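Structure file model_4.txt with compact mmCIF, C-alpha atoms and all ligand atoms:
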# COMPACT_ATOMS: atom_id res chain seq x y z
CA MET A 1 0.00 0.00 0.00
CA ARG A 2 1.15 3.52 -0.79
CA TRP A 3 -0.65 6.56 0.60
CA LEU A 4 -0.16 10.24 -0.22
CA VAL A 5 -0.44 12.50 2.81
CA THR A 6 -0.64 16.23 2.12
CA GLY A 7 0.34 18.77 4.75
CA GLY A 8 2.13 16.04 6.69
CA LEU A 9 4.61 18.47 8.26
CA GLY A 10 1.83 20.16 10.20
CA PHE A 11 0.51 19.31 13.63
CA ILE A 12 -2.14 16.65 12.97
CA GLY A 13 -0.54 15.39 9.75
CA SER A 14 2.84 14.71 11.37
CA ASN A 15 1.19 12.87 14.24
CA PHE A 16 -0.82 10.84 11.70
CA ILE A 17 2.33 9.92 9.77
CA ARG A 18 4.09 8.78 12.94
CA LEU A 19 1.06 6.66 13.88
CA VAL A 20 0.83 5.00 10.46
CA LEU A 21 4.55 4.20 10.28
CA ARG A 22 4.34 2.69 13.76
CA GLU A 23 1.13 0.70 13.39
CA ARG A 24 0.76 -0.10 9.66
CA PRO A 25 3.98 -1.86 8.58
CA GLY A 26 2.53 -2.57 5.13
CA VAL A 27 2.01 1.09 4.26
CA ARG A 28 4.48 3.41 2.53
CA LEU A 29 3.87 7.14 2.79
CA VAL A 30 4.60 10.11 0.55
CA ASN A 31 4.28 13.43 2.35
CA LEU A 32 3.59 16.44 0.09
CA ASP A 33 3.98 19.65 2.06
CA ALA A 34 4.55 23.26 1.01
CA MET A 35 6.55 24.05 4.16
CA THR A 36 4.64 27.20 4.98
CA TYR A 37 5.18 28.72 8.44
CA ALA A 38 3.42 25.82 10.21
CA GLY A 39 4.93 23.02 8.11
CA ASN A 40 7.98 22.19 10.12
CA PRO A 41 10.48 19.46 9.15
CA ALA A 42 11.42 19.17 12.84
CA ASN A 43 7.94 17.65 13.43
CA LEU A 44 9.09 14.48 11.66
CA ARG A 45 12.83 14.42 12.25
CA ASP A 46 12.49 11.04 13.98
CA VAL A 47 11.06 9.32 10.87
CA GLU A 48 13.17 11.00 8.18
CA GLY A 49 15.38 7.93 7.76
CA ASP A 50 12.50 5.46 7.56
CA PRO A 51 12.60 3.73 4.13
CA ARG A 52 8.80 3.68 4.09
CA TYR A 53 8.63 7.48 4.30
CA ALA A 54 9.32 9.96 1.47
CA PHE A 55 9.05 13.73 1.53
CA VAL A 56 8.18 16.00 -1.40
CA ARG A 57 8.14 19.76 -1.02
CA GLY A 58 5.32 21.30 -3.03
CA ASP A 59 1.98 23.05 -3.20
CA VAL A 60 -1.33 21.16 -3.37
CA CYS A 61 -2.70 23.94 -5.58
CA ASP A 62 -0.32 22.98 -8.39
CA PRO A 63 -1.76 20.13 -10.52
CA GLN A 64 1.61 18.93 -11.86
CA THR A 65 3.13 18.81 -8.38
CA VAL A 66 0.20 16.69 -7.22
CA ARG A 67 0.47 14.36 -10.25
CA ASP A 68 4.21 13.95 -9.66
CA ALA A 69 3.67 13.14 -5.98
CA ILE A 70 1.12 10.49 -6.92
CA GLY A 71 3.61 9.12 -9.45
CA SER A 72 2.74 5.61 -10.60
CA GLY A 73 -0.26 5.59 -8.25
CA VAL A 74 -1.41 5.67 -4.65
CA ASP A 75 -4.03 3.66 -2.80
CA ALA A 76 -5.27 6.68 -0.86
CA ILE A 77 -4.85 10.42 -0.38
CA VAL A 78 -5.31 11.99 3.06
CA ASN A 79 -5.59 15.77 2.82
CA PHE A 80 -4.26 17.62 5.86
CA ALA A 81 -2.93 20.56 3.81
CA ALA A 82 -4.72 23.65 5.08
CA GLU A 83 -4.44 27.06 6.58
CA THR A 84 -6.01 26.46 9.99
CA HIS A 85 -5.79 29.42 12.34
CA VAL A 86 -8.99 31.50 12.72
CA ASP A 87 -7.13 34.63 13.85
CA ARG A 88 -4.84 34.55 10.82
CA SER A 89 -7.90 34.10 8.57
CA ILE A 90 -9.25 37.37 9.95
CA LEU A 91 -5.98 39.14 9.11
CA ASP A 92 -5.39 37.46 5.72
CA PRO A 93 -8.31 35.44 4.29
CA ALA A 94 -6.92 34.93 0.77
CA ALA A 95 -4.39 32.27 1.76
CA PHE A 96 -7.25 30.26 3.30
CA LEU A 97 -9.40 30.32 0.19
CA ARG A 98 -6.44 29.27 -1.88
CA THR A 99 -5.18 26.28 0.10
CA ASP A 100 -8.41 25.09 1.70
CA ILE A 101 -10.64 25.36 -1.37
CA LEU A 102 -8.41 25.47 -4.47
CA GLY A 103 -5.99 22.95 -2.95
CA THR A 104 -8.85 20.55 -2.25
CA HIS A 105 -10.17 21.05 -5.78
CA THR A 106 -6.74 20.31 -7.28
CA LEU A 107 -6.49 17.07 -5.31
CA LEU A 108 -10.04 16.06 -6.30
CA GLU A 109 -9.17 16.59 -9.96
CA ALA A 110 -6.12 14.35 -9.51
CA VAL A 111 -8.33 11.71 -7.85
CA ARG A 112 -10.56 11.71 -10.94
CA GLU A 113 -7.82 11.83 -13.52
CA LEU A 114 -5.58 9.20 -11.94
CA CYS A 115 -8.36 7.01 -10.51
CA VAL A 116 -7.17 7.23 -6.90
CA PRO A 117 -9.40 4.74 -5.04
CA ARG A 118 -9.81 6.67 -1.75
CA PHE A 119 -9.64 10.33 -0.75
CA LEU A 120 -10.06 11.52 2.83
CA GLN A 121 -10.61 15.19 3.56
CA VAL A 122 -9.55 16.25 7.05
CA SER A 123 -12.00 18.93 8.14
CA THR A 124 -13.23 20.57 11.31
CA ASP A 125 -16.28 20.90 13.56
CA GLU A 126 -16.05 24.66 12.95
CA VAL A 127 -17.91 24.26 9.64
CA TYR A 128 -21.15 23.80 11.63
CA GLY A 129 -20.74 27.26 13.11
CA ASP A 130 -21.77 28.35 16.58
CA VAL A 131 -23.78 25.66 18.46
CA PRO A 132 -25.56 27.31 21.42
CA ASP A 133 -26.88 23.94 22.63
CA GLY A 134 -27.09 20.30 21.58
CA GLU A 135 -24.59 18.59 19.28
CA SER A 136 -23.97 18.88 15.55
CA THR A 137 -24.52 15.74 13.54
CA GLU A 138 -22.96 15.02 10.16
CA THR A 139 -26.13 15.92 8.24
CA ASP A 140 -26.58 19.33 9.88
CA PRO A 141 -26.38 22.35 7.57
CA LEU A 142 -23.02 24.11 7.49
CA CYS A 143 -22.98 27.60 8.93
CA PRO A 144 -19.35 28.74 9.04
CA ARG A 145 -18.71 32.21 10.48
CA SER A 146 -15.00 32.89 10.00
CA PRO A 147 -12.98 33.07 6.76
CA TYR A 148 -11.19 29.94 8.03
CA SER A 149 -14.30 27.84 8.66
CA ALA A 150 -15.96 29.13 5.48
CA SER A 151 -12.90 28.00 3.51
CA LYS A 152 -12.96 24.57 5.16
CA ALA A 153 -16.71 24.32 4.46
CA GLY A 154 -16.01 25.21 0.82
CA GLY A 155 -13.50 22.35 0.67
CA ASP A 156 -15.95 19.90 2.26
CA LEU A 157 -18.70 20.90 -0.16
CA GLN A 158 -16.40 20.39 -3.14
CA VAL A 159 -15.51 16.93 -1.84
CA LEU A 160 -19.16 15.96 -1.40
CA ALA A 161 -20.09 17.51 -4.76
CA TYR A 162 -17.42 15.36 -6.46
CA ARG A 163 -19.09 12.34 -4.88
CA ALA A 164 -22.54 13.31 -6.13
CA THR A 165 -21.40 14.44 -9.57
CA PHE A 166 -18.51 12.14 -10.47
CA GLY A 167 -18.86 9.30 -7.95
CA ALA A 168 -15.48 10.22 -6.45
CA PRO A 169 -14.41 7.82 -3.64
CA VAL A 170 -14.38 10.36 -0.83
CA LEU A 171 -14.61 10.54 2.94
CA VAL A 172 -14.69 13.56 5.24
CA THR A 173 -13.70 13.74 8.91
CA ARG A 174 -14.65 16.73 11.07
CA GLY A 175 -12.45 16.88 14.15
CA SER A 176 -12.92 18.99 17.24
CA ASN A 177 -10.26 21.25 18.80
CA THR A 178 -7.07 19.24 18.90
CA TYR A 179 -4.17 19.45 21.35
CA GLY A 180 -0.94 17.59 21.99
CA PRO A 181 2.74 17.64 21.00
CA TYR A 182 4.05 19.49 17.91
CA GLN A 183 1.25 22.08 17.71
CA TYR A 184 2.49 25.41 16.37
CA PRO A 185 2.43 27.89 19.26
CA GLU A 186 -0.31 30.17 17.88
CA LYS A 187 -3.36 28.13 18.99
CA LEU A 188 -4.78 28.45 22.50
CA ILE A 189 -3.02 25.60 24.31
CA PRO A 190 0.50 25.79 22.86
CA LEU A 191 0.48 29.61 22.82
CA PHE A 192 -0.54 29.79 26.45
CA VAL A 193 1.81 27.03 27.66
CA THR A 194 4.82 28.50 25.93
CA ASN A 195 3.98 32.05 27.08
CA LEU A 196 3.63 30.79 30.64
CA ILE A 197 6.91 28.86 30.52
CA GLU A 198 8.51 32.10 29.28
CA ASP A 199 6.90 33.93 32.23
CA ARG A 200 4.70 36.03 29.92
CA PRO A 201 0.97 36.79 30.28
CA VAL A 202 -1.68 34.96 28.25
CA PRO A 203 -4.39 36.81 26.26
CA VAL A 204 -7.91 35.47 26.99
CA TYR A 205 -10.43 36.72 24.41
CA GLY A 206 -13.51 38.41 25.88
CA ASP A 207 -14.99 36.73 28.94
CA GLY A 208 -13.24 33.39 28.32
CA ARG A 209 -16.54 31.51 28.65
CA GLN A 210 -16.39 30.11 25.10
CA ILE A 211 -16.58 26.31 24.96
CA ARG A 212 -14.46 23.98 22.86
CA ASP A 213 -14.46 20.17 22.83
CA TRP A 214 -10.85 18.98 23.27
CA LEU A 215 -9.44 15.98 21.41
CA HIS A 216 -5.93 14.60 21.85
CA VAL A 217 -4.00 14.55 18.57
CA GLU A 218 -3.27 10.83 18.95
CA ASP A 219 -7.03 10.14 19.18
CA HIS A 220 -7.64 12.45 16.23
CA ALA A 221 -5.01 10.67 14.11
CA ARG A 222 -6.48 7.29 15.08
CA GLY A 223 -9.96 8.50 14.15
CA ILE A 224 -8.77 9.58 10.71
CA LEU A 225 -7.01 6.23 10.19
CA HIS A 226 -10.13 4.40 11.29
CA VAL A 227 -12.36 6.31 8.88
CA LEU A 228 -9.84 5.89 6.06
CA GLU A 229 -9.80 2.13 6.52
CA ARG A 230 -13.40 1.47 7.52
CA GLY A 231 -15.52 4.46 6.56
CA GLU A 232 -18.24 4.19 3.98
CA LEU A 233 -17.43 6.20 0.85
CA GLY A 234 -19.40 9.41 0.46
CA ASN A 235 -19.80 9.82 4.21
CA VAL A 236 -18.84 12.44 6.77
CA TYR A 237 -17.65 11.40 10.26
CA ASN A 238 -17.40 13.67 13.29
CA ILE A 239 -14.38 13.01 15.51
CA GLY A 240 -14.75 14.71 18.87
CA GLY A 241 -12.95 14.26 22.14
CA GLY A 242 -16.02 14.54 24.37
CA ASN A 243 -14.20 17.01 26.63
CA PRO A 244 -16.11 20.31 26.55
CA ARG A 245 -14.30 23.00 28.53
CA HIS A 246 -14.50 26.77 28.92
CA ASN A 247 -11.40 28.58 27.75
CA LEU A 248 -10.95 29.97 31.27
CA GLU A 249 -10.90 26.48 32.72
CA ILE A 250 -8.23 25.44 30.22
CA THR A 251 -6.34 28.63 31.06
CA GLN A 252 -6.45 27.84 34.76
CA ARG A 253 -5.11 24.31 34.19
CA LEU A 254 -2.26 25.66 32.09
CA VAL A 255 -1.44 28.44 34.56
CA GLU A 256 -1.33 25.95 37.44
CA GLY A 257 0.60 23.38 35.39
CA CYS A 258 3.27 25.99 34.70
CA GLY A 259 3.42 27.19 38.31
CA ARG A 260 2.05 30.68 37.54
CA SER A 261 -0.90 32.62 38.94
CA MET A 262 -4.18 33.73 37.32
CA THR A 263 -3.85 37.23 38.80
CA THR A 264 -0.41 37.97 37.43
CA HIS A 265 -0.44 35.96 34.17
CA VAL A 266 -3.93 36.30 32.64
CA ARG A 267 -5.05 39.32 30.58
CA HIS A 268 -8.62 39.57 29.31
CA VAL A 269 -8.26 41.22 25.92
CA GLU A 270 -10.63 42.40 23.20
CA ASP A 271 -12.70 39.51 21.83
CA ARG A 272 -12.13 37.90 18.44
CA PRO A 273 -14.59 39.31 15.87
CA GLY A 274 -17.36 36.80 15.07
CA HIS A 275 -16.12 34.55 17.87
CA ASP A 276 -18.14 31.30 18.02
CA ARG A 277 -19.22 30.67 21.61
CA ARG A 278 -19.50 26.92 21.48
CA TYR A 279 -18.78 23.89 19.33
CA ALA A 280 -20.12 20.42 20.09
CA ILE A 281 -20.38 17.37 17.84
CA ALA A 282 -22.12 14.01 18.08
CA THR A 283 -19.65 11.18 17.46
CA ALA A 284 -21.96 8.13 17.33
CA LYS A 285 -21.23 7.59 13.65
CA ALA A 286 -17.44 7.32 14.10
CA ARG A 287 -17.95 5.23 17.23
CA ALA A 288 -20.12 2.83 15.24
CA LEU A 289 -17.01 2.14 13.13
CA GLY A 290 -15.22 1.04 16.31
CA TRP A 291 -13.29 4.25 17.05
CA GLU A 292 -13.34 5.99 20.41
CA PRO A 293 -11.01 8.46 22.08
CA ARG A 294 -8.55 6.79 24.45
CA VAL A 295 -6.67 9.67 26.05
CA ASP A 296 -8.09 10.96 29.32
CA PHE A 297 -8.24 14.75 29.06
CA GLU A 298 -6.62 15.61 32.39
CA ASN A 299 -3.73 13.20 31.71
CA GLY A 300 -3.42 14.31 28.11
CA LEU A 301 -3.26 17.98 29.08
CA ARG A 302 -0.70 17.33 31.80
CA ALA A 303 1.44 15.31 29.37
CA THR A 304 1.15 18.09 26.80
CA ILE A 305 2.33 20.71 29.30
CA ASP A 306 5.24 18.42 30.19
CA TRP A 307 6.06 17.93 26.51
CA TYR A 308 6.32 21.68 25.94
CA LYS A 309 8.43 22.03 29.08
CA ALA A 310 10.79 19.32 27.84
CA ASN A 311 10.88 20.45 24.20
CA GLY A 312 11.89 24.10 24.30
CA ALA A 313 14.40 23.26 21.58
CA TRP A 314 11.43 22.52 19.29
CA TRP A 315 9.22 25.57 20.00
CA ARG A 316 11.63 28.34 21.02
CA PRO A 317 12.97 28.84 17.48
CA LEU A 318 9.35 29.02 16.23
CA LYS A 319 8.58 31.99 18.49
CA SER A 320 10.84 34.32 16.54
CA GLY A 321 10.85 36.07 13.13
CA GLU A 322 7.52 35.51 11.37
CA PHE A 323 5.82 34.58 14.64
CA LEU A 324 6.79 37.84 16.35
CA ASP A 325 5.40 39.89 13.45
CA TYR A 326 2.17 37.92 13.64
CA TYR A 327 2.00 38.24 17.43
CA LYS A 328 2.36 41.99 17.19
CA ARG A 329 -0.33 42.31 14.48
CA GLN A 330 -2.65 40.03 16.40
CA TYR A 331 -2.24 41.22 19.98
CA ALA A 332 -0.48 44.60 20.22
CA HIS A 333 -3.66 46.69 19.76
CA ARG A 334 -5.84 44.59 22.07
P1 LIG B 401 -7.93 28.39 18.87
O1 LIG B 401 -6.89 27.53 19.47
O2 LIG B 401 -7.50 29.52 17.98
O3 LIG B 401 -8.93 27.40 18.11
P2 LIG B 401 -10.37 27.73 17.40
O4 LIG B 401 -10.57 29.18 17.33
O5 LIG B 401 -10.19 27.11 16.08
O6 LIG B 401 -11.38 27.04 18.28
O7 LIG B 401 -8.83 28.99 20.02
C1 LIG B 401 -9.49 28.18 20.95
C2 LIG B 401 -10.30 29.09 21.83
O8 LIG B 401 -9.41 29.90 22.59
C3 LIG B 401 -11.20 30.04 21.07
O9 LIG B 401 -12.42 30.23 21.79
C4 LIG B 401 -10.41 31.33 21.05
C5 LIG B 401 -9.65 31.29 22.35
N1 LIG B 401 -8.34 32.00 22.33
C6 LIG B 401 -8.07 33.00 23.27
O10 LIG B 401 -8.91 33.30 24.15
N2 LIG B 401 -6.86 33.65 23.20
C7 LIG B 401 -5.94 33.36 22.25
O11 LIG B 401 -4.86 34.01 22.24
C8 LIG B 401 -6.21 32.31 21.31
C9 LIG B 401 -5.20 31.94 20.26
C10 LIG B 401 -7.43 31.65 21.38
Could you render the structure from this file as structure tokens?
Amino acid sequence: MRWLVTGGLGFIGSNFIRLVLRERPGVRLVNLDAMTYAGNPANLRDVEGDPRYAFVRGDVCDPQTVRDAIGSGVDAIVNFAAETHVDRSILDPAAFLRTDILGTHTLLEAVRELCVPRFLQVSTDEVYGDVPDGESTETDPLCPRSPYSASKAGGDLQVLAYRATFGAPVLVTRGSNTYGPYQYPEKLIPLFVTNLIEDRPVPVYGDGRQIRDWLHVEDHARGILHVLERGELGNVYNIGGGNPRHNLEITQRLVEGCGRSMTTHVRHVEDRPGHDRRYAIATAKARALGWEPRVDFENGLRATIDWYKANGAWWRPLKSGEFLDYYKRQYAHR
């Protein structure tokens, strides 16, 4: 078996690649990644020498690059390539439309042209939009409210349209907020942990009462693998951790875990525009395939804090250059 993974140098993609190499000895992987700011070769340094792993630098929006990466054929494509950070999508939406919609389209065209037998689109629970109560199921209408989630929804809709129109062999997973090792330090958990380790304050948007459902990256990667191997073509599967938490509760855990105090290290800052208050997804469909999250949230969060404490050599270089410019644009005026 040979699978093409796109965006495999990112957070979830790199964890997926490590899982597959460890647990699927019969699978060879090609990783096509553009190496944008979040695509970091250090995420996969430990597997670089594995003969079952090959890396190709390139852009999923370029048809020839995609054809070349597929080469003589692949048994599946798993598309992780995406711009993923809501705050960046508010500052610069165009990059999101390009990668998340045009990139998906380019891959779907390659699936048709080269008869790839399976294509899995990695998506997000954010496409359902704000969920004041209850849980989103896979057939709910999409109601994205940020340029990021609207771009991901556009990608999902293309994937499902290629199923309806061309019979393309597609699957979609919609994961909830993911945490764990190797997450670029712009998202809530890694940003806050690394700030706290550095003895800096953390910026809580608005009242901090927004709710996210937290999923460990290992459980997310397993869910994607499960759907890839056992999902029914044409279907969408929610993958949620089942750990709804207020941002302030997460903040408190991180502050305590880093030995800091809420009074000295937490700043309530101006809210994110269009900020969704709550996400929640029903996961019965993925569970019916035999998947369930294994990582206990309290243990997973503690282990994640410890990982960032032990791996300053991984994240400290990331919090320089491009990151500092972004941080200033994002937070200086708040
Ligand atoms: P984030 O990690 O950006 O994920 P998403 O917006 O895709 O859910 O944010 C998670 C939550 O944390 C979200 O409600 C926004 C909030 N947040 C802050 O309060 N401050 C921050 O600096 C960041 C990055 C996020």
Practice prompt. Find the spatial neighbours of Gly7 in chain A, counting all atoms listed in the file, within a cut-off of 8 Å - ignore same-chain residues fewer than 6 positions away - and output them as a ChimeraX atom specification.
Written response: /A:13,31-34,39,79-82
For Leu289 in chain A, the closest of A:Tyr205, A:Tyr53, A:Tyr237, A:Phe192 counting all atoms listed in the file is A:Tyr237
Report as lines of an AutoDock Vina configuration file the centre and the edge lengths, in Å to one decimal, of the axis-aligned box holding every listed atom of ligand LIG 401 (chain B), padded by 4 Å on each side.
center_x = -8.6
center_y = 30.5
center_z = 20.1
size_x = 15.6
size_y = 15.0
size_z = 16.1
Separating CA of His220 in chain A from CA of Arg145 in chain A, to the nearest tenth of an Å, is a gap of 23.4 Å
I'd like the contact shell of range 184-190 of chain A - 8 Å cut-off, all atoms listed in the file, skipping same-chain residues fewer than 3 positions apart - returned as a VMD selection string.
chain A and resid 11 38 85 179 193 to 194 250 254 308 315 318 to 319
Output C-alpha atoms of each residue in that selection to a file, as a CSV table (one decimal), in the frame of the given file.
chain,number,residue,atom,x,y,z
A,11,PHE,CA,0.5,19.3,13.6
A,38,ALA,CA,3.4,25.8,10.2
A,85,HIS,CA,-5.8,29.4,12.3
A,179,TYR,CA,-4.2,19.4,21.4
A,193,VAL,CA,1.8,27.0,27.7
A,194,THR,CA,4.8,28.5,25.9
A,250,ILE,CA,-8.2,25.4,30.2
A,254,LEU,CA,-2.3,25.7,32.1
A,308,TYR,CA,6.3,21.7,25.9
A,315,TRP,CA,9.2,25.6,20.0
A,318,LEU,CA,9.4,29.0,16.2
A,319,LYS,CA,8.6,32.0,18.5
* To do: May I have the residues within 12 Å of Ala76 in chain A as a PyMOL selection string, using all atoms listed in the file and disregarding those fewer than 2 positions away in the same chain?
  => chain A and resi 1-6+27-30+70+73-74+78-79+107-108+110-111+114-121+169-171+225+228-229
Give as a list in words the residues surrounding ligand LIG 401 (chain B) up to a distance of 7 Å, considering all atoms listed in the file.
-> His85, Val86, Asp87, Asn177, Glu186, Lys187, Leu188, Ile189, Leu191, Val202, Pro203, Val204, Tyr205, Gly208, Gln210, Ile211, Arg212, Asn247, His275, Asp276 and Arg277 of chain A
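Minimum atom-to-atom distances from A:Asn15, A:Thr84, A:Thr251, A:Thr178 to Lys152 in chain A were compared using all atoms listed in the file, and the lowest value belongs to A:Thr84.
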Margin query: Just want the 12 Å neighbourhood of Arg253 in chain A, counted on all atoms listed in the file, with same-chain residues fewer than 6 positions away dropped. Output as an MDAnalysis selection string.
Written below: chainID A and resid 189 192:193 196 245:247 259:262 297:302 304:305
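Closest to Val60 in chain A among A:Asp207, A:Glu322, A:Glu109, A:Asp92 is A:Glu109, based on only C-alpha atoms.
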Q.
List the spatial neighbours of Ala288 in chain A as JSON, numbers by chain - criterion: any atom at most 12 Å away, all atoms listed in the file, same-chain residues fewer than 5 positions off excluded.
A. {"A": [223, 226, 227, 230, 231, 232, 237, 238, 239, 282, 283]}
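Note that CA of Val269 in chain A and CA of Tyr327 in chain A are 13.6 Å apart.
Coordinates place CA of Ile281 in chain A at a distance of 11.3 Å from CA of Thr139 in chain A.
Here the question is which of A:Gly234, A:Gly26, A:Pro132, A:Gly257 gets nearest to Gln158 in chain A using only C-alpha atoms, and that residue is A:Gly234.
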Using all atoms listed in the file, the residue out of A:Ile101, A:Arg174, A:Pro141, A:Ala153 with shortest distance to Ser123 in chain A is A:Arg174
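Nearest to His268 in chain A of all the residues A:Glu218, A:Arg287, A:Gly206, A:Pro244 is A:Gly206, counting all atoms listed in the file.
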